[in-house]
$ cat target27.txt   # compact mmCIF, C-alpha atoms
# COMPACT_ATOMS: atom_id res chain seq x y z
CA MET A 1 95.24 73.94 92.92
CA ARG A 2 97.59 73.18 95.76
CA LEU A 3 100.74 71.25 94.82
CA SER A 4 100.16 68.77 97.64
CA ASN A 5 96.95 67.59 95.92
CA TYR A 6 98.65 66.75 92.61
CA PRO A 7 99.83 63.20 93.48
CA ARG A 8 96.36 62.33 94.71
CA ILE A 9 94.65 63.72 91.57
CA ARG A 10 97.20 61.98 89.36
CA SER A 11 96.57 58.69 91.17
CA CYS A 12 92.83 59.09 90.69
CA LEU A 13 93.31 59.76 86.99
CA LEU A 14 95.52 56.70 86.63
CA LEU A 15 92.96 54.61 88.50
CA CYS A 16 90.15 55.78 86.18
CA VAL A 17 92.23 55.02 83.09
CA SER A 18 93.11 51.61 84.52
CA ILE A 19 89.47 50.80 85.17
CA ALA A 20 88.50 51.87 81.66
CA LEU A 21 91.24 49.76 80.11
CA CYS A 22 90.25 46.75 82.22
CA GLY A 23 86.70 47.14 80.99
CA GLU A 24 87.89 47.03 77.39
CA VAL A 25 90.10 44.01 78.04
CA SER A 26 87.27 42.22 79.84
CA ALA A 27 84.93 42.80 76.91
CA ALA A 28 87.59 41.52 74.52
CA ILE A 29 88.27 38.43 76.61
CA ASP A 30 84.62 37.59 77.14
CA PRO A 31 82.79 38.14 73.83
CA PHE A 32 79.82 36.16 75.14
CA GLN A 33 79.18 38.98 77.60
CA LYS A 34 79.29 41.48 74.75
CA LEU A 35 76.80 39.40 72.76
CA ALA A 36 74.45 39.23 75.75
CA ALA A 37 74.71 43.01 76.22
CA ASP A 38 73.88 43.62 72.55
CA LEU A 39 70.79 41.42 72.84
CA ALA A 40 69.75 43.24 76.01
CA ALA A 41 69.96 46.67 74.39
CA ASP A 42 66.56 48.33 73.96
CA SER A 43 64.84 45.56 75.92
CA PRO A 44 61.80 46.45 78.06
CA GLU A 45 62.33 47.86 81.53
CA GLY A 46 62.61 45.28 84.27
CA LYS A 47 63.64 41.65 83.96
CA VAL A 48 61.90 39.48 81.39
CA ASN A 49 61.97 35.69 81.13
CA VAL A 50 63.81 34.31 78.11
CA GLY A 51 64.94 30.85 77.06
CA VAL A 52 68.03 29.93 75.07
CA GLY A 53 67.44 27.73 72.06
CA ASN A 54 69.91 26.16 69.63
CA PHE A 55 72.83 27.61 67.71
CA ALA A 56 73.29 25.64 64.50
CA TYR A 57 76.39 25.32 62.36
CA GLU A 58 76.11 27.51 59.27
CA ASN A 59 72.99 26.78 57.19
CA THR A 60 72.37 23.31 58.60
CA ASP A 61 70.40 21.62 61.38
CA LEU A 62 73.63 20.22 62.86
CA LEU A 63 75.14 21.17 66.21
CA SER A 64 78.70 20.95 67.51
CA PRO A 65 80.57 21.31 70.82
CA PHE A 66 80.64 25.06 70.17
CA SER A 67 76.83 25.02 70.01
CA SER A 68 76.76 23.69 73.58
CA LEU A 69 79.44 26.13 74.76
CA LEU A 70 77.62 29.10 73.26
CA ARG A 71 74.32 28.11 74.78
CA ASP A 72 75.87 27.54 78.23
CA GLU A 73 77.77 30.84 78.15
CA LEU A 74 74.69 32.81 77.12
CA GLU A 75 72.59 31.26 79.88
CA ILE A 76 75.16 32.66 82.33
CA THR A 77 75.86 36.06 80.77
CA LEU A 78 72.26 36.96 79.89
CA GLY A 79 71.37 36.92 83.57
CA LYS A 80 74.24 39.28 84.34
CA THR A 81 72.84 41.99 82.06
CA GLY A 82 70.11 42.79 84.59
CA LYS A 83 67.55 42.66 81.77
CA PHE A 84 66.83 38.93 81.59
CA LYS A 85 65.89 36.02 83.80
CA VAL A 86 66.93 32.87 81.97
CA VAL A 87 64.48 29.97 81.84
CA THR A 88 66.69 26.87 81.79
CA ARG A 89 66.44 24.30 79.02
CA ASP A 90 65.22 21.72 81.59
CA ARG A 91 62.34 24.03 82.46
CA LEU A 92 61.56 24.62 78.78
CA ALA A 93 61.40 20.84 78.31
CA ASP A 94 59.06 20.56 81.30
CA LEU A 95 56.78 23.24 79.84
CA GLN A 96 56.70 21.35 76.56
CA MET A 97 55.86 18.11 78.36
CA GLU A 98 53.06 19.86 80.26
CA GLY A 99 51.64 21.12 76.97
CA LYS A 100 52.38 24.77 77.80
CA PHE A 101 53.72 25.22 74.27
CA GLN A 102 53.69 23.17 71.10
CA GLY A 103 56.44 22.77 68.56
CA LYS A 104 60.12 22.35 69.33
CA GLU A 105 60.86 24.37 66.17
CA ILE A 106 60.63 27.58 68.22
CA LEU A 107 64.07 26.73 69.63
CA GLU A 108 65.59 26.70 66.14
CA PRO A 109 66.93 29.80 64.34
CA GLY A 110 64.73 31.47 61.76
CA THR A 111 61.45 29.92 62.93
CA GLY A 112 58.43 32.22 62.88
CA VAL A 113 57.03 33.29 66.27
CA GLU A 114 53.98 35.36 65.38
CA LYS A 115 51.46 33.01 66.98
CA VAL A 116 53.69 31.19 69.46
CA SER A 117 53.20 31.53 73.21
CA ILE A 118 55.01 29.78 76.07
CA GLU A 119 53.65 30.16 79.58
CA GLY A 120 55.98 32.39 81.58
CA VAL A 121 58.43 32.97 78.70
CA LYS A 122 58.60 36.19 76.71
CA GLY A 123 61.38 35.42 74.23
CA ILE A 124 63.71 32.79 72.81
CA ILE A 125 67.34 33.43 71.86
CA ARG A 126 68.81 31.25 69.13
CA GLY A 127 71.07 31.60 66.10
CA ARG A 128 73.80 30.35 63.76
CA PHE A 129 77.58 30.55 63.58
CA TYR A 130 80.09 30.51 60.74
CA ALA A 131 83.81 29.70 60.88
CA THR A 132 86.08 31.82 58.69
CA GLY A 133 89.85 31.94 59.11
CA ASP A 134 90.84 32.45 62.74
CA GLU A 135 87.45 33.55 64.02
CA VAL A 136 83.89 32.38 64.44
CA THR A 137 81.06 34.78 63.62
CA VAL A 138 77.88 34.31 65.65
CA TYR A 139 74.53 35.60 64.43
CA ALA A 140 72.06 35.62 67.33
CA GLU A 141 68.40 36.56 67.37
CA LEU A 142 66.04 37.34 70.22
CA ALA A 143 62.56 36.34 69.08
CA TRP A 144 59.88 38.03 71.16
CA LEU A 145 56.95 35.63 71.31
CA GLU A 146 53.38 36.41 70.25
CA GLY A 147 54.33 39.79 68.77
CA GLY A 148 56.75 38.32 66.26
CA GLU A 149 59.44 41.03 66.57
CA ILE A 150 63.00 39.71 66.25
CA LYS A 151 66.10 41.55 67.49
CA LYS A 152 69.40 40.49 65.91
CA ALA A 153 73.00 40.75 67.04
CA ARG A 154 76.32 39.73 65.52
CA ILE A 155 79.77 39.20 66.97
CA ALA A 156 83.07 37.81 65.67
CA ILE A 157 84.95 35.72 68.24
CA PRO A 158 88.67 35.02 67.77
CA SER A 159 89.46 31.31 67.84
CA GLU A 160 91.97 31.78 70.68
CA ASN A 161 89.17 33.07 72.93
CA ILE A 162 87.20 29.90 72.28
CA ARG A 163 90.29 27.79 72.94
CA ALA A 164 90.79 29.53 76.29
CA LYS A 165 87.18 28.76 77.29
CA ILE A 166 87.43 25.07 76.45
CA TRP A 167 91.05 24.42 77.44
CA PRO A 168 92.16 26.81 80.23
CA ASP A 169 95.62 25.20 80.21
CA PRO A 170 97.59 27.03 77.47
CA ALA A 171 99.51 23.86 76.62
CA ASP A 172 96.27 21.97 75.98
CA ALA A 173 94.85 24.88 73.99
CA ALA A 174 97.87 25.01 71.71
CA ALA A 175 97.77 21.27 71.00
CA LYS A 176 94.06 20.80 70.34
CA PRO A 177 92.56 21.18 66.84
CA MET A 178 89.67 23.64 66.58
CA ASP A 179 87.80 21.84 63.80
CA GLY A 180 86.49 19.21 66.20
CA VAL A 181 85.03 21.96 68.39
CA ILE A 182 83.50 24.26 65.79
CA LYS A 183 82.34 21.81 63.13
CA PRO A 184 79.83 18.99 63.71
CA GLN A 185 81.29 15.49 63.66
CA ASN A 186 81.34 13.64 60.31
CA ILE A 187 79.66 16.63 58.75
CA GLU A 188 79.29 15.37 55.16
CA GLN A 189 77.94 11.98 56.22
CA SER A 190 75.63 13.63 58.75
CA LEU A 191 74.22 16.07 56.20
CA ALA A 192 73.51 13.21 53.82
CA ASN A 193 71.83 11.28 56.64
CA VAL A 194 69.57 14.18 57.60
CA GLN A 195 68.70 14.82 53.96
CA GLU A 196 67.80 11.18 53.30
CA ILE A 197 65.71 10.63 56.41
CA ALA A 198 64.27 13.93 57.60
CA LYS A 199 63.92 15.72 54.27
CA ASP A 200 63.18 12.95 51.75
CA ARG A 201 61.78 9.73 53.20
CA LEU A 202 59.81 11.08 56.17
CA ALA A 203 57.99 13.45 53.84
CA LYS A 204 56.31 10.37 52.34
CA VAL A 205 54.74 9.27 55.65
CA PRO A 206 51.22 10.69 56.12
CA LYS A 207 50.66 13.08 59.01
CA ASP A 208 47.00 12.50 59.80
CA PHE A 209 47.17 13.62 63.46
CA PRO A 210 49.67 15.46 65.70
CA VAL A 211 52.52 13.47 67.25
CA GLU A 212 55.85 14.85 68.44
CA ILE A 213 59.18 13.63 69.75
CA PHE A 214 61.68 15.71 71.73
CA THR A 215 64.47 15.12 74.24
CA VAL A 216 63.64 14.99 77.94
CA ASP A 217 66.18 17.69 78.85
CA GLY A 218 65.58 19.89 75.81
CA ARG A 219 69.04 19.40 74.31
CA ARG A 220 70.02 18.38 70.79
CA ALA A 221 73.81 18.24 71.31
CA PHE A 222 75.38 15.47 73.39
CA ALA A 223 78.95 14.61 74.33
CA GLU A 224 80.48 11.16 74.77
CA LYS A 225 79.14 9.31 77.87
CA ASP A 226 76.10 11.61 78.16
CA ASN A 227 72.74 9.89 78.57
CA VAL A 228 69.83 10.86 76.36
CA SER A 229 66.13 10.13 76.75
CA PHE A 230 63.30 10.95 74.40
CA ARG A 231 59.72 11.95 75.06
CA VAL A 232 56.78 11.19 72.75
CA ARG A 233 53.28 12.62 72.87
CA SER A 234 50.36 11.99 70.52
CA ALA A 235 47.03 13.73 70.11
CA ARG A 236 45.25 10.36 70.01
CA ASP A 237 45.68 6.74 71.07
CA CYS A 238 48.13 5.11 68.71
CA HIS A 239 50.86 2.52 68.25
CA ILE A 240 54.35 3.94 67.95
CA ALA A 241 57.83 2.91 66.88
CA VAL A 242 60.89 5.05 67.65
CA LEU A 243 63.91 4.56 65.40
CA CYS A 244 67.33 6.19 65.55
CA HIS A 245 68.87 6.46 62.08
CA GLN A 246 72.58 6.85 62.74
CA SER A 247 74.97 8.69 60.47
CA ASP A 248 76.83 5.44 59.65
CA GLY A 249 73.75 3.96 57.92
CA THR A 250 72.50 1.71 60.73
CA THR A 251 69.15 2.03 62.46
CA VAL A 252 68.59 1.34 66.16
CA VAL A 253 65.08 0.48 67.35
CA LEU A 254 64.65 2.42 70.59
CA PHE A 255 60.99 1.49 71.02
CA PRO A 256 59.59 -1.12 71.33
CA ASN A 257 62.43 -2.67 73.32
CA ARG A 258 63.17 -5.60 75.60
CA PHE A 259 61.46 -4.01 78.59
CA SER A 260 58.59 -2.31 76.76
CA ARG A 261 57.09 -4.35 73.94
CA ASN A 262 53.55 -2.93 73.98
CA THR A 263 53.52 -0.29 71.23
CA LEU A 264 50.20 1.33 72.25
CA ILE A 265 50.36 4.74 73.97
CA PRO A 266 47.41 6.82 75.26
CA ALA A 267 46.42 10.17 73.81
CA ASN A 268 47.91 13.37 75.26
CA LYS A 269 50.14 11.55 77.74
CA ALA A 270 53.89 11.96 77.31
CA ILE A 271 55.93 8.79 77.60
CA ASP A 272 59.70 8.59 78.03
CA ILE A 273 62.01 6.35 76.02
CA PRO A 274 63.77 4.17 77.04
CA GLY A 275 61.37 4.76 79.92
CA THR A 276 62.77 2.58 82.69
CA HIS A 277 65.76 3.05 84.95
CA LYS A 278 67.39 -0.35 84.72
CA SER A 279 71.10 -0.95 84.76
CA GLY A 280 72.42 -1.20 81.20
CA PHE A 281 69.20 0.16 79.74
CA GLU A 282 70.20 3.80 79.38
CA ILE A 283 70.92 5.33 75.98
CA GLU A 284 74.54 6.40 76.40
CA ILE A 285 76.27 8.49 73.76
CA GLY A 286 79.14 6.75 72.00
CA PRO A 287 80.46 6.17 68.48
CA PRO A 288 79.59 6.51 65.68
CA TYR A 289 79.60 10.27 66.28
CA GLY A 290 77.72 12.60 64.00
CA SER A 291 74.12 13.72 63.57
CA ASP A 292 71.37 11.12 63.85
CA VAL A 293 67.69 11.40 62.97
CA VAL A 294 65.41 10.01 65.67
CA GLU A 295 61.89 9.47 64.36
CA VAL A 296 58.58 8.34 65.76
CA ILE A 297 56.13 6.57 63.43
CA ALA A 298 52.58 6.33 64.72
CA CYS A 299 49.52 4.42 63.56
CA THR A 300 46.05 4.13 65.02
CA GLN A 301 46.20 0.34 64.57
CA PRO A 302 49.15 -2.06 65.10
CA SER A 303 50.60 -2.10 61.57
CA GLU A 304 52.84 -4.82 60.19
CA LEU A 305 55.80 -2.60 61.06
CA HIS A 306 54.82 -2.28 64.72
CA LYS A 307 54.11 -6.00 65.00
CA ALA A 308 57.48 -6.89 63.47
CA LEU A 309 59.42 -4.50 65.72
CA SER A 310 57.62 -5.82 68.79
CA GLN A 311 58.68 -9.33 67.78
CA TYR A 312 62.26 -8.15 67.32
CA ALA A 313 62.17 -6.64 70.81
CA SER A 314 61.24 -9.98 72.35
CA GLU A 315 64.38 -11.51 70.81
CA THR A 316 66.87 -9.00 72.26
CA SER A 317 69.07 -9.96 75.20
CA ALA A 318 70.47 -8.20 78.26
CA PRO A 319 73.79 -7.17 76.70
CA ALA A 320 71.94 -5.66 73.71
CA PRO A 321 68.50 -4.35 74.78
CA PHE A 322 67.98 -2.44 71.51
CA GLN A 323 67.55 -4.05 68.11
CA VAL A 324 69.93 -2.86 65.38
CA LEU A 325 68.77 -2.95 61.76
CA THR A 326 70.29 -1.98 58.48
CA ARG A 327 68.91 1.21 56.98
CA GLY A 328 67.40 -0.78 54.15
CA MET A 329 65.52 -3.12 56.52
CA ALA A 330 64.01 -0.18 58.39
CA VAL A 331 62.97 1.76 55.30
CA LYS A 332 61.55 -1.33 53.61
CA GLY A 333 59.54 -2.20 56.71
CA ILE A 334 58.03 1.27 56.93
CA ASP A 335 57.22 1.55 53.24
CA SER A 336 55.70 -1.94 53.01
CA ALA A 337 53.58 -1.39 56.14
CA ILE A 338 52.10 1.82 54.73
CA ALA A 339 51.54 0.22 51.32
CA ALA A 340 49.83 -2.82 52.90
CA ALA A 341 47.55 -0.56 54.92
CA LYS A 342 46.42 1.24 51.78
CA VAL A 343 45.53 -2.04 50.08
CA GLY A 344 43.52 -3.53 52.96
CA SER A 345 40.10 -2.43 54.20
CA THR A 346 41.50 0.10 56.63
CA ALA A 347 39.37 3.20 56.15
CA ALA A 348 39.90 4.24 59.77
CA LEU A 349 43.65 3.63 59.72
CA LEU A 350 45.60 6.85 60.30
CA TRP A 351 49.35 7.49 60.30
CA SER A 352 51.65 10.17 61.61
CA GLN A 353 55.34 10.89 62.19
CA ASP A 354 57.78 13.35 63.68
CA SER A 355 61.57 13.54 63.99
CA ILE A 356 64.40 15.31 65.76
CA VAL A 357 68.06 15.67 64.77
CA ILE A 358 70.57 15.07 67.57
CA SER A 359 74.30 15.73 67.19
CA THR A 360 76.93 13.77 69.11
CA PHE A 361 80.68 14.21 69.54
CA PRO A 362 83.62 13.00 71.65
CA LYS A 363 84.36 14.79 74.91
CA GLN A 364 86.67 17.77 74.49
$ encode --input "target27.txt" --output "structure tokens"
Amino acid sequence: MRLSNYPRIRSCLLLCVSIALCGEVSAAIDPFQKLAADLAADSPEGKVNVGVGNFAYENTDLLSPFSSLLRDELEITLGKTGKFKVVTRDRLADLQMEGKFQGKEILEPGTGVEKVSIEGVKGIIRGRFYATGDEVTVYAELAWLEGGEIKKARIAIPSENIRAKIWPDPADAAAKPMDGVIKPQNIEQSLANVQEIAKDRLAKVPKDFPVEIFTVDGRRAFAEKDNVSFRVRSARDCHIAVLCHQSDGTTVVLFPNRFSRNTLIPANKAIDIPGTHKSGFEIEIGPPYGSDVVEVIACTQPSELHKALSQYASETSAPAPFQVLTRGMAVKGIDSAIAAAKVGSTAALLWSQDSIVISTFPKQ
């Protein structure tokens, strides 16, 4: 080795070490990239289409601002692995509307996928996260559709990394509490709300034919000032009512409403709610924040419930296009309508229901 070559070789060695160290730092700073790489490991050759579902807080159905952040980051980093082409949540919602797959449950962690197929989509990534001390542990799963195989990955993310993603200004990051980012809003009240409506009372409503409700854009987590629209589809002609049971104990009648009082919808045709682009008629996210249960109740004939809600809708005014009920009024109306139908000569009367949990929170 000639002495004159030594500085050049030394520089090359230093450059290689520097690059290696930068790679380690980059992986540490961006754990979402590491999670995407772990999910991509052992994937088939060539790019495959995958969608990103929901990441729920611990063992609940509730979402938080971190749920949205995690989903957004994965949609970006999965594409950078070279193994995946990400099907956006808007496109997934369009496929659902077009009837290219049934059942929004596929987007939720732990749901079986053995017999599920989505046109043009090979897998769904979803999962859960748990907050312990100064870090958040994410458990992700890549569910390959039709075959049923599920690949799992785990990563622990330091809280300061999450702070840096949400608040790039260090002064903001130091001043902001993490609980409002990681945990769902009003978690205890929200859990009680979901238990009462989705787990207990809705189980009493017959499900004689398929009907489903989902959000137009495929999301379940919404920040303050976001707009949300719902989509309903039924396997047969029926009359529907769409109610939003809020975590504070009130119930908002989303449909029928002041602009749409006819409760009858045709079979196999998706309708949007609120369904008309009029000023002041959007559903805008605001307090009370928490997790609400939005349900559709369907009947093949206009029940007493549907007639009453249609009458309520005719009495609403421009400043308040949606009727607000107490929880007790809503539950009593549903229960009495079903009981009355059983008593009358209604052999052909059929009922059905479906629900979705949406989580809301202030802007971070």
$ closest_residue --input "target27.txt" --among "A:Ile187, A:Gln323, A:Trp351, A:Ile162" --to "A:Ile240" --atoms "all atoms listed in the file"
A:Trp351
$ closest_residue --input "target27.txt" --among "A:Asp335, A:Asp292, A:Glu282, A:Glu119" --to "A:Asp61" --atoms "only C-alpha atoms"
A:Asp292
$ atom_distance --input "target27.txt" --atom1 "atom CA of A:Tyr289" --atom2 "atom CA of A:Pro184"
9.1 Å
$ residues_around --input "target27.txt" --residues "A:Lys122" --least-positions-apart "4" --cutoff "10 Å" --atoms "all atoms listed in the file" --output "list of chain:residue names"
A:Val48, A:Asn49, A:Val50, A:Gly51, A:Phe84, A:Val87, A:Ser117, A:Ile118, A:Leu142, A:Ala143, A:Trp144, A:Leu145, A:Glu146, A:Gly147
$ closest_residue --input "target27.txt" --among "A:Gly133, A:Gly249, A:Gly127, A:Gly148" --to "A:Met178" --atoms "all atoms listed in the file"
A:Gly133
$ closest_residue --input "target27.txt" --among "A:Asp42, A:Glu188, A:Glu212, A:Glu149" --to "A:Ser355" --atoms "only C-alpha atoms"
A:Glu212
$ atom_distance --input "target27.txt" --atom1 "atom CA of A:Gly82" --atom2 "atom CA of A:Arg163"
27.7 Å
$ closest_residue --input "target27.txt" --among "A:Asp208, A:Asp217, A:Asp90, A:Glu73" --to "A:Cys238" --atoms "all atoms listed in the file"
A:Asp208
$ atom_distance --input "target27.txt" --atom1 "atom CA of A:Leu63" --atom2 "atom CA of A:Ile182"
8.9 Å
$ residues_around --input "target27.txt" --residues "stretch 294-300 of chain A" --least-positions-apart "6" --cutoff "7 Å" --atoms "all atoms listed in the file" --output "list in words"
Ile213, Asp237, Cys238, His239, Ile240, Ala241, Val242, Leu243, Cys244, His245, Leu349, Leu350, Trp351, Ser352, Gln353, Asp354, Ser355, Ile356 and Val357 of chain A
$ closest_residue --input "target27.txt" --among "A:Pro65, A:Pro31, A:Gly112, A:Pro206" --to "A:Thr360" --atoms "all atoms listed in the file"
A:Pro65
$ residues_around --input "target27.txt" --residues "A:Arg219" --least-positions-apart "6" --cutoff "9 Å" --atoms "all atoms listed in the file" --output "number ranges by chain"
A: 53-54, 68, 89-90, 93, 228, 358
$ residues_around --input "target27.txt" --residues "A:Pro158" --least-positions-apart "3" --cutoff "12 Å" --atoms "only C-alpha atoms" --output "list in words"
Ala28, Ile29, Asp30, Pro31, Phe32, Tyr130, Ala131, Thr132, Gly133, Asp134, Glu135, Val136, Thr137, Val138, Ile155, Asn161, Ile162, Arg163, Ala164, Lys165 and Met178 of chain A
$ write_last_selection --input "target27.txt" --atoms "C-alpha atoms" --output "mmCIF file, keeping the file's coordinate frame"
data_model
loop_
_atom_site.group_PDB
_atom_site.id
_atom_site.type_symbol
_atom_site.label_atom_id
_atom_site.label_comp_id
_atom_site.auth_asym_id
_atom_site.auth_seq_id
_atom_site.Cartn_x
_atom_site.Cartn_y
_atom_site.Cartn_z
ATOM 1 C CA ALA A 28 87.590 41.520 74.520
ATOM 2 C CA ILE A 29 88.270 38.430 76.610
ATOM 3 C CA ASP A 30 84.620 37.590 77.140
ATOM 4 C CA PRO A 31 82.790 38.140 73.830
ATOM 5 C CA PHE A 32 79.820 36.160 75.140
ATOM 6 C CA TYR A 130 80.090 30.510 60.740
ATOM 7 C CA ALA A 131 83.810 29.700 60.880
ATOM 8 C CA THR A 132 86.080 31.820 58.690
ATOM 9 C CA GLY A 133 89.850 31.940 59.110
ATOM 10 C CA ASP A 134 90.840 32.450 62.740
ATOM 11 C CA GLU A 135 87.450 33.550 64.020
ATOM 12 C CA VAL A 136 83.890 32.380 64.440
ATOM 13 C CA THR A 137 81.060 34.780 63.620
ATOM 14 C CA VAL A 138 77.880 34.310 65.650
ATOM 15 C CA ILE A 155 79.770 39.200 66.970
ATOM 16 C CA ASN A 161 89.170 33.070 72.930
ATOM 17 C CA ILE A 162 87.200 29.900 72.280
ATOM 18 C CA ARG A 163 90.290 27.790 72.940
ATOM 19 C CA ALA A 164 90.790 29.530 76.290
ATOM 20 C CA LYS A 165 87.180 28.760 77.290
ATOM 21 C CA MET A 178 89.670 23.640 66.580
#
